[in-house]
file target_3.pdb (PDB, C-alpha atoms)
ATOM      1  CA  MET A   2     -20.396  12.697   5.295  1.00  0.00           C
ATOM      2  CA  ARG A   3     -18.355  10.661   2.812  1.00  0.00           C
ATOM      3  CA  TYR A   4     -14.823   9.413   2.717  1.00  0.00           C
ATOM      4  CA  LEU A   5     -12.500  11.441   0.463  1.00  0.00           C
ATOM      5  CA  HIS A   6      -8.934  10.163   0.711  1.00  0.00           C
ATOM      6  CA  THR A   7      -6.045   9.135   2.924  1.00  0.00           C
ATOM      7  CA  MET A   8      -2.852  11.189   2.799  1.00  0.00           C
ATOM      8  CA  ILE A   9       0.646   9.902   3.413  1.00  0.00           C
ATOM      9  CA  ARG A  10       3.914  11.785   3.095  1.00  0.00           C
ATOM     10  CA  ILE A  11       6.523  10.295   0.795  1.00  0.00           C
ATOM     11  CA  SER A  12      10.243  10.935   0.479  1.00  0.00           C
ATOM     12  CA  ASP A  13      10.760   9.878  -3.164  1.00  0.00           C
ATOM     13  CA  ILE A  14       8.143  10.277  -5.908  1.00  0.00           C
ATOM     14  CA  GLU A  15       9.620   7.746  -8.346  1.00  0.00           C
ATOM     15  CA  GLU A  16      10.175   5.069  -5.704  1.00  0.00           C
ATOM     16  CA  SER A  17       6.667   5.551  -4.309  1.00  0.00           C
ATOM     17  CA  LEU A  18       5.011   5.487  -7.743  1.00  0.00           C
ATOM     18  CA  ASP A  19       6.953   2.342  -8.623  1.00  0.00           C
ATOM     19  CA  PHE A  20       5.556   0.720  -5.484  1.00  0.00           C
ATOM     20  CA  PHE A  21       1.949   1.968  -5.578  1.00  0.00           C
ATOM     21  CA  VAL A  22       1.436   1.970  -9.383  1.00  0.00           C
ATOM     22  CA  ASN A  23       3.773  -0.645 -10.868  1.00  0.00           C
ATOM     23  CA  LYS A  24       3.746  -3.170  -8.030  1.00  0.00           C
ATOM     24  CA  LEU A  25       0.450  -2.645  -6.194  1.00  0.00           C
ATOM     25  CA  GLY A  26      -1.571  -1.730  -9.301  1.00  0.00           C
ATOM     26  CA  LEU A  27      -3.076   1.649  -8.362  1.00  0.00           C
ATOM     27  CA  VAL A  28      -3.598   4.276 -11.063  1.00  0.00           C
ATOM     28  CA  GLU A  29      -2.748   7.965 -10.949  1.00  0.00           C
ATOM     29  CA  ILE A  30      -5.940  10.055 -10.949  1.00  0.00           C
ATOM     30  CA  ARG A  31      -4.452  13.534 -10.826  1.00  0.00           C
ATOM     31  CA  ARG A  32      -1.364  15.477  -9.800  1.00  0.00           C
ATOM     32  CA  ARG A  33      -0.951  19.005  -8.504  1.00  0.00           C
ATOM     33  CA  GLU A  34       2.290  20.893  -7.987  1.00  0.00           C
ATOM     34  CA  ASN A  35       2.335  23.951  -5.750  1.00  0.00           C
ATOM     35  CA  PRO A  36       5.541  25.991  -6.230  1.00  0.00           C
ATOM     36  CA  MET A  37       4.527  28.527  -3.562  1.00  0.00           C
ATOM     37  CA  GLY A  38       3.908  25.821  -0.968  1.00  0.00           C
ATOM     38  CA  ARG A  39       6.825  23.728  -2.330  1.00  0.00           C
ATOM     39  CA  TYR A  40       4.950  20.438  -2.540  1.00  0.00           C
ATOM     40  CA  THR A  41       3.469  17.963  -5.026  1.00  0.00           C
ATOM     41  CA  LEU A  42       0.210  16.078  -4.477  1.00  0.00           C
ATOM     42  CA  ILE A  43      -0.419  12.846  -6.374  1.00  0.00           C
ATOM     43  CA  PHE A  44      -3.813  11.149  -6.096  1.00  0.00           C
ATOM     44  CA  LEU A  45      -4.037   7.396  -6.744  1.00  0.00           C
ATOM     45  CA  ALA A  46      -6.881   4.882  -6.703  1.00  0.00           C
ATOM     46  CA  ALA A  47      -7.558   1.230  -7.393  1.00  0.00           C
ATOM     47  CA  PRO A  48      -8.849   0.730 -10.955  1.00  0.00           C
ATOM     48  CA  GLY A  49     -12.599   1.317 -11.080  1.00  0.00           C
ATOM     49  CA  GLN A  50     -12.647   2.835  -7.591  1.00  0.00           C
ATOM     50  CA  GLU A  51     -11.602   6.406  -8.310  1.00  0.00           C
ATOM     51  CA  GLU A  52     -13.841   7.704  -5.492  1.00  0.00           C
ATOM     52  CA  VAL A  53     -11.545   6.061  -2.892  1.00  0.00           C
ATOM     53  CA  GLN A  54      -8.244   7.878  -3.215  1.00  0.00           C
ATOM     54  CA  LEU A  55      -4.791   7.825  -1.726  1.00  0.00           C
ATOM     55  CA  GLU A  56      -3.013  11.182  -1.661  1.00  0.00           C
ATOM     56  CA  LEU A  57       0.783  11.038  -1.801  1.00  0.00           C
ATOM     57  CA  THR A  58       2.285  14.283  -0.518  1.00  0.00           C
ATOM     58  CA  TYR A  59       5.848  15.071  -1.545  1.00  0.00           C
ATOM     59  CA  ASN A  60       7.405  18.087   0.175  1.00  0.00           C
ATOM     60  CA  TRP A  61      10.148  19.566  -1.997  1.00  0.00           C
ATOM     61  CA  ASP A  62      12.367  20.460   0.943  1.00  0.00           C
ATOM     62  CA  PRO A  63      13.992  17.327   2.400  1.00  0.00           C
ATOM     63  CA  GLU A  64      12.485  16.125   5.649  1.00  0.00           C
ATOM     64  CA  ASP A  65      12.884  12.939   7.687  1.00  0.00           C
ATOM     65  CA  TYR A  66       9.636  11.126   8.425  1.00  0.00           C
ATOM     66  CA  THR A  67       9.640   8.811  11.386  1.00  0.00           C
ATOM     67  CA  ALA A  68       8.027   5.390  11.090  1.00  0.00           C
ATOM     68  CA  GLY A  69       5.523   5.800  13.911  1.00  0.00           C
ATOM     69  CA  ARG A  70       2.605   3.409  14.158  1.00  0.00           C
ATOM     70  CA  ASN A  71       0.253   6.282  15.021  1.00  0.00           C
ATOM     71  CA  PHE A  72      -0.766   6.426  11.338  1.00  0.00           C
ATOM     72  CA  GLY A  73      -2.210   2.913  11.340  1.00  0.00           C
ATOM     73  CA  HIS A  74      -2.445   1.415   7.868  1.00  0.00           C
ATOM     74  CA  LEU A  75      -4.048   1.499   4.454  1.00  0.00           C
ATOM     75  CA  ALA A  76      -6.261  -1.432   3.496  1.00  0.00           C
ATOM     76  CA  TYR A  77      -7.092  -2.884   0.091  1.00  0.00           C
ATOM     77  CA  GLU A  78      -9.342  -5.794  -0.825  1.00  0.00           C
ATOM     78  CA  VAL A  79      -7.837  -8.257  -3.346  1.00  0.00           C
ATOM     79  CA  ASP A  80      -9.361 -10.997  -5.504  1.00  0.00           C
ATOM     80  CA  ASN A  81      -6.795 -13.628  -4.487  1.00  0.00           C
ATOM     81  CA  ILE A  82      -4.591 -13.000  -1.448  1.00  0.00           C
ATOM     82  CA  TYR A  83      -2.094 -15.724  -2.377  1.00  0.00           C
ATOM     83  CA  GLU A  84      -1.635 -14.622  -5.992  1.00  0.00           C
ATOM     84  CA  THR A  85      -1.350 -10.977  -4.952  1.00  0.00           C
ATOM     85  CA  CYS A  86       1.284 -11.695  -2.303  1.00  0.00           C
ATOM     86  CA  GLN A  87       3.263 -13.920  -4.684  1.00  0.00           C
ATOM     87  CA  ARG A  88       3.198 -11.230  -7.393  1.00  0.00           C
ATOM     88  CA  LEU A  89       4.337  -8.583  -4.899  1.00  0.00           C
ATOM     89  CA  MET A  90       7.056 -10.828  -3.450  1.00  0.00           C
ATOM     90  CA  ASP A  91       8.296 -11.603  -6.991  1.00  0.00           C
ATOM     91  CA  ALA A  92       8.484  -7.821  -7.552  1.00  0.00           C
ATOM     92  CA  GLY A  93      10.726  -7.425  -4.493  1.00  0.00           C
ATOM     93  CA  VAL A  94       8.112  -6.356  -1.939  1.00  0.00           C
ATOM     94  CA  THR A  95       8.613  -7.747   1.572  1.00  0.00           C
ATOM     95  CA  ILE A  96       5.583  -9.524   2.982  1.00  0.00           C
ATOM     96  CA  ASN A  97       5.645  -8.505   6.655  1.00  0.00           C
ATOM     97  CA  ARG A  98       2.736 -10.731   7.636  1.00  0.00           C
ATOM     98  CA  PRO A  99       2.118 -13.570   5.155  1.00  0.00           C
ATOM     99  CA  PRO A 100      -1.432 -14.650   4.242  1.00  0.00           C
ATOM    100  CA  ARG A 101      -1.128 -17.894   6.213  1.00  0.00           C
ATOM    101  CA  ASP A 102      -4.857 -17.858   7.052  1.00  0.00           C
ATOM    102  CA  GLY A 103      -6.052 -17.190   3.492  1.00  0.00           C
ATOM    103  CA  ARG A 104      -7.587 -13.914   4.638  1.00  0.00           C
ATOM    104  CA  MET A 105      -5.061 -11.210   5.499  1.00  0.00           C
ATOM    105  CA  ALA A 106      -1.502 -10.085   4.824  1.00  0.00           C
ATOM    106  CA  PHE A 107       0.553  -6.977   5.562  1.00  0.00           C
ATOM    107  CA  ILE A 108       3.211  -5.318   3.409  1.00  0.00           C
ATOM    108  CA  ARG A 109       5.066  -1.996   3.723  1.00  0.00           C
ATOM    109  CA  SER A 110       5.635   0.848   1.282  1.00  0.00           C
ATOM    110  CA  PRO A 111       9.141   2.266   0.667  1.00  0.00           C
ATOM    111  CA  ASP A 112       8.349   4.828   3.408  1.00  0.00           C
ATOM    112  CA  ASN A 113       7.318   2.108   5.914  1.00  0.00           C
ATOM    113  CA  ILE A 114       3.578   2.701   5.615  1.00  0.00           C
ATOM    114  CA  SER A 115       1.809  -0.479   6.668  1.00  0.00           C
ATOM    115  CA  ILE A 116      -0.625  -1.804   4.052  1.00  0.00           C
ATOM    116  CA  GLU A 117      -3.175  -4.487   4.859  1.00  0.00           C
ATOM    117  CA  LEU A 118      -4.342  -6.793   2.069  1.00  0.00           C
ATOM    118  CA  LEU A 119      -7.681  -8.534   2.686  1.00  0.00           C
ATOM    119  CA  GLN A 120      -9.153 -11.413   0.714  1.00  0.00           C
ATOM    120  CA  LYS A 121     -12.374 -10.477  -1.088  1.00  0.00           C
ATOM    121  CA  GLY A 122     -15.225 -12.618   0.217  1.00  0.00           C
ATOM    122  CA  PRO A 123     -14.541 -15.596   2.472  1.00  0.00           C
ATOM    123  CA  SER A 124     -11.021 -16.703   3.386  1.00  0.00           C
ATOM    124  CA  LEU A 125      -9.304 -18.950   0.878  1.00  0.00           C
ATOM    125  CA  PRO A 126      -8.337 -22.460   2.052  1.00  0.00           C
ATOM    126  CA  LYS A 127      -4.890 -22.542   3.653  1.00  0.00           C
ATOM    127  CA  GLN A 128      -2.211 -22.978   1.020  1.00  0.00           C
ATOM    128  CA  GLU A 129       1.500 -23.681   1.095  1.00  0.00           C
ATOM    129  CA  PRO A 130       4.016 -22.201   1.405  1.00  0.00           C
ATOM    130  CA  TRP A 131       1.985 -19.505   3.166  1.00  0.00           C
ATOM    131  CA  ALA A 132       0.259 -21.736   5.761  1.00  0.00           C
ATOM    132  CA  SER A 133       3.597 -22.894   7.221  1.00  0.00           C
ATOM    133  CA  MET A 134       4.766 -19.345   7.859  1.00  0.00           C
ATOM    134  CA  GLU A 135       3.470 -19.335  11.452  1.00  0.00           C
ATOM    135  CA  ASN A 136       6.073 -17.048  13.011  1.00  0.00           C
ATOM    136  CA  VAL A 137       7.069 -14.953   9.999  1.00  0.00           C
ATOM    137  CA  GLY A 138       6.667 -11.198   9.991  1.00  0.00           C
ATOM    138  CA  THR A 139       5.062  -8.623  12.207  1.00  0.00           C
ATOM    139  CA  TRP A 140       2.584  -5.939  11.416  1.00  0.00           C
TER
END
call {"tool": "encode", "arguments": {"input": "target_3.pdb", "output": "structure tokens"}}
result
Amino acid sequence: MRYLHTMIRISDIEESLDFFVNKLGLVEIRRRENPMGRYTLIFLAAPGQEEVQLELTYNWDPEDYTAGRNFGHLAYEVDNIYETCQRLMDAGVTINRPPRDGRMAFIRSPDNISIELLQKGPSLPKQEPWASMENVGTW
């Protein structure tokens, strides 16, 4: 058995691609539109990791998706948790759980999908302003 992809439903293609591609840095691998089924599938991956894919499913007919925590979260490893969070915050992304421990942070997509960011290798030394954010954010 091998992992193929994770699928999440999105409500706006452009807003989701802005978040996942422009802000988070994923790349589009392929796209498939199905007029009979009335949906679009967009597959994304981190650069150099095309075998680990995220499938964005856009249903053409409007539908409200509830923000239940039964999905869990997506997780991505980053080279520098502090630099990544600063870059995302500068791009307008809310950091729900700051990287105060140098190891982990949580952000949310435009459709309220929780995304965990984990420091590659050992935790980085605590760094301000992140370390002082003791009671900021929930995940």
call {"tool": "closest_residue", "arguments": {"input": "target_3.pdb", "among": "A:Ala46, A:Cys86, A:Ile116, A:Ala76", "to": "Leu5 in chain A", "atoms": "all atoms listed in the file"}}
result
A:Ala46
call {"tool": "closest_atom_pairs", "arguments": {"input": "target_3.pdb", "of": "range 41-134 of chain A", "to": "range 13-16 of chain A", "cutoff": "9 Å", "atoms": "all atoms listed in the file", "output": "CSV"}}
result
residue,atom,partner,partner_atom,distance
A:Ile43,CA,A:Ile14,CA,9.0
A:Leu57,CA,A:Ile14,CA,8.5
A:Thr58,CA,A:Ile14,CA,8.9
A:Tyr59,CA,A:Ile14,CA,6.9
A:Pro111,CA,A:Glu16,CA,7.0
A:Asp112,CA,A:Asp13,CA,8.6
call {"tool": "atom_distance", "arguments": {"input": "target_3.pdb", "atom1": "CA of Tyr83 in chain A", "atom2": "CA of Ile30 in chain A"}}
result
27.4 Å
call {"tool": "atom_distance", "arguments": {"input": "target_3.pdb", "atom1": "CA of Arg101 in chain A", "atom2": "CA of Ile82 in chain A"}}
result
9.7 Å
call {"tool": "resolve_selection", "arguments": {"input": "target_3.pdb", "expression": "the PyMOL selection byres ((chain A and resi 103) around 10)", "output": "MDAnalysis selection string"}}
result
chainID A and resid 81:83 99:102 104:106 119:120 123:128 131:132
call {"tool": "residues_around", "arguments": {"input": "target_3.pdb", "residues": "Tyr4 in chain A", "least_positions_apart": "4", "cutoff": "10 Å", "atoms": "only C-alpha atoms", "output": "JSON, numbers by chain"}}
result
{"A": [52, 53, 54]}
call {"tool": "closest_residue", "arguments": {"input": "target_3.pdb", "among": "A:His6, A:Glu129, A:Glu78, A:Phe20", "to": "Arg109 in chain A", "atoms": "only C-alpha atoms"}}
result
A:Phe20
call {"tool": "resolve_selection", "arguments": {"input": "target_3.pdb", "expression": "the PyMOL selection byres ((chain A and resi 108) around 8)", "output": "PDB file with C-alpha atoms, keeping the file's coordinate frame"}}
result
ATOM      1  CA  VAL A  94       8.112  -6.356  -1.939  1.00  0.00           C
ATOM      2  CA  THR A  95       8.613  -7.747   1.572  1.00  0.00           C
ATOM      3  CA  ILE A  96       5.583  -9.524   2.982  1.00  0.00           C
ATOM      4  CA  ASN A  97       5.645  -8.505   6.655  1.00  0.00           C
ATOM      5  CA  ARG A  98       2.736 -10.731   7.636  1.00  0.00           C
ATOM      6  CA  ALA A 106      -1.502 -10.085   4.824  1.00  0.00           C
ATOM      7  CA  PHE A 107       0.553  -6.977   5.562  1.00  0.00           C
ATOM      8  CA  ARG A 109       5.066  -1.996   3.723  1.00  0.00           C
ATOM      9  CA  SER A 110       5.635   0.848   1.282  1.00  0.00           C
ATOM     10  CA  SER A 115       1.809  -0.479   6.668  1.00  0.00           C
ATOM     11  CA  ILE A 116      -0.625  -1.804   4.052  1.00  0.00           C
ATOM     12  CA  GLU A 117      -3.175  -4.487   4.859  1.00  0.00           C
ATOM     13  CA  LEU A 118      -4.342  -6.793   2.069  1.00  0.00           C
TER      14      LEU A 118
END
call {"tool": "atom_distance", "arguments": {"input": "target_3.pdb", "atom1": "CA of Leu27 in chain A", "atom2": "CA of Gln50 in chain A"}}
result
9.7 Å
call {"tool": "residues_around", "arguments": {"input": "target_3.pdb", "residues": "range 61-64 of chain A", "least_positions_apart": "3", "cutoff": "10 Å", "atoms": "all atoms listed in the file", "output": "PyMOL selection string"}}
result
chain A and resi 10-13+34-36+38-41+58+67
call {"tool": "closest_residue", "arguments": {"input": "target_3.pdb", "among": "A:Arg3, A:Lys121, A:Arg31, A:Lys24", "to": "Ala92 in chain A", "atoms": "all atoms listed in the file"}}
result
A:Lys24
call {"tool": "closest_residue", "arguments": {"input": "target_3.pdb", "among": "A:Leu18, A:Met134, A:Asn113, A:Arg32", "to": "His74 in chain A", "atoms": "all atoms listed in the file"}}
result
A:Asn113
call {"tool": "resolve_selection", "arguments": {"input": "target_3.pdb", "expression": "the PyMOL selection byres ((chain A and resi 8) around 6)", "output": "ChimeraX atom specification"}}
result
/A:7,9,55-57
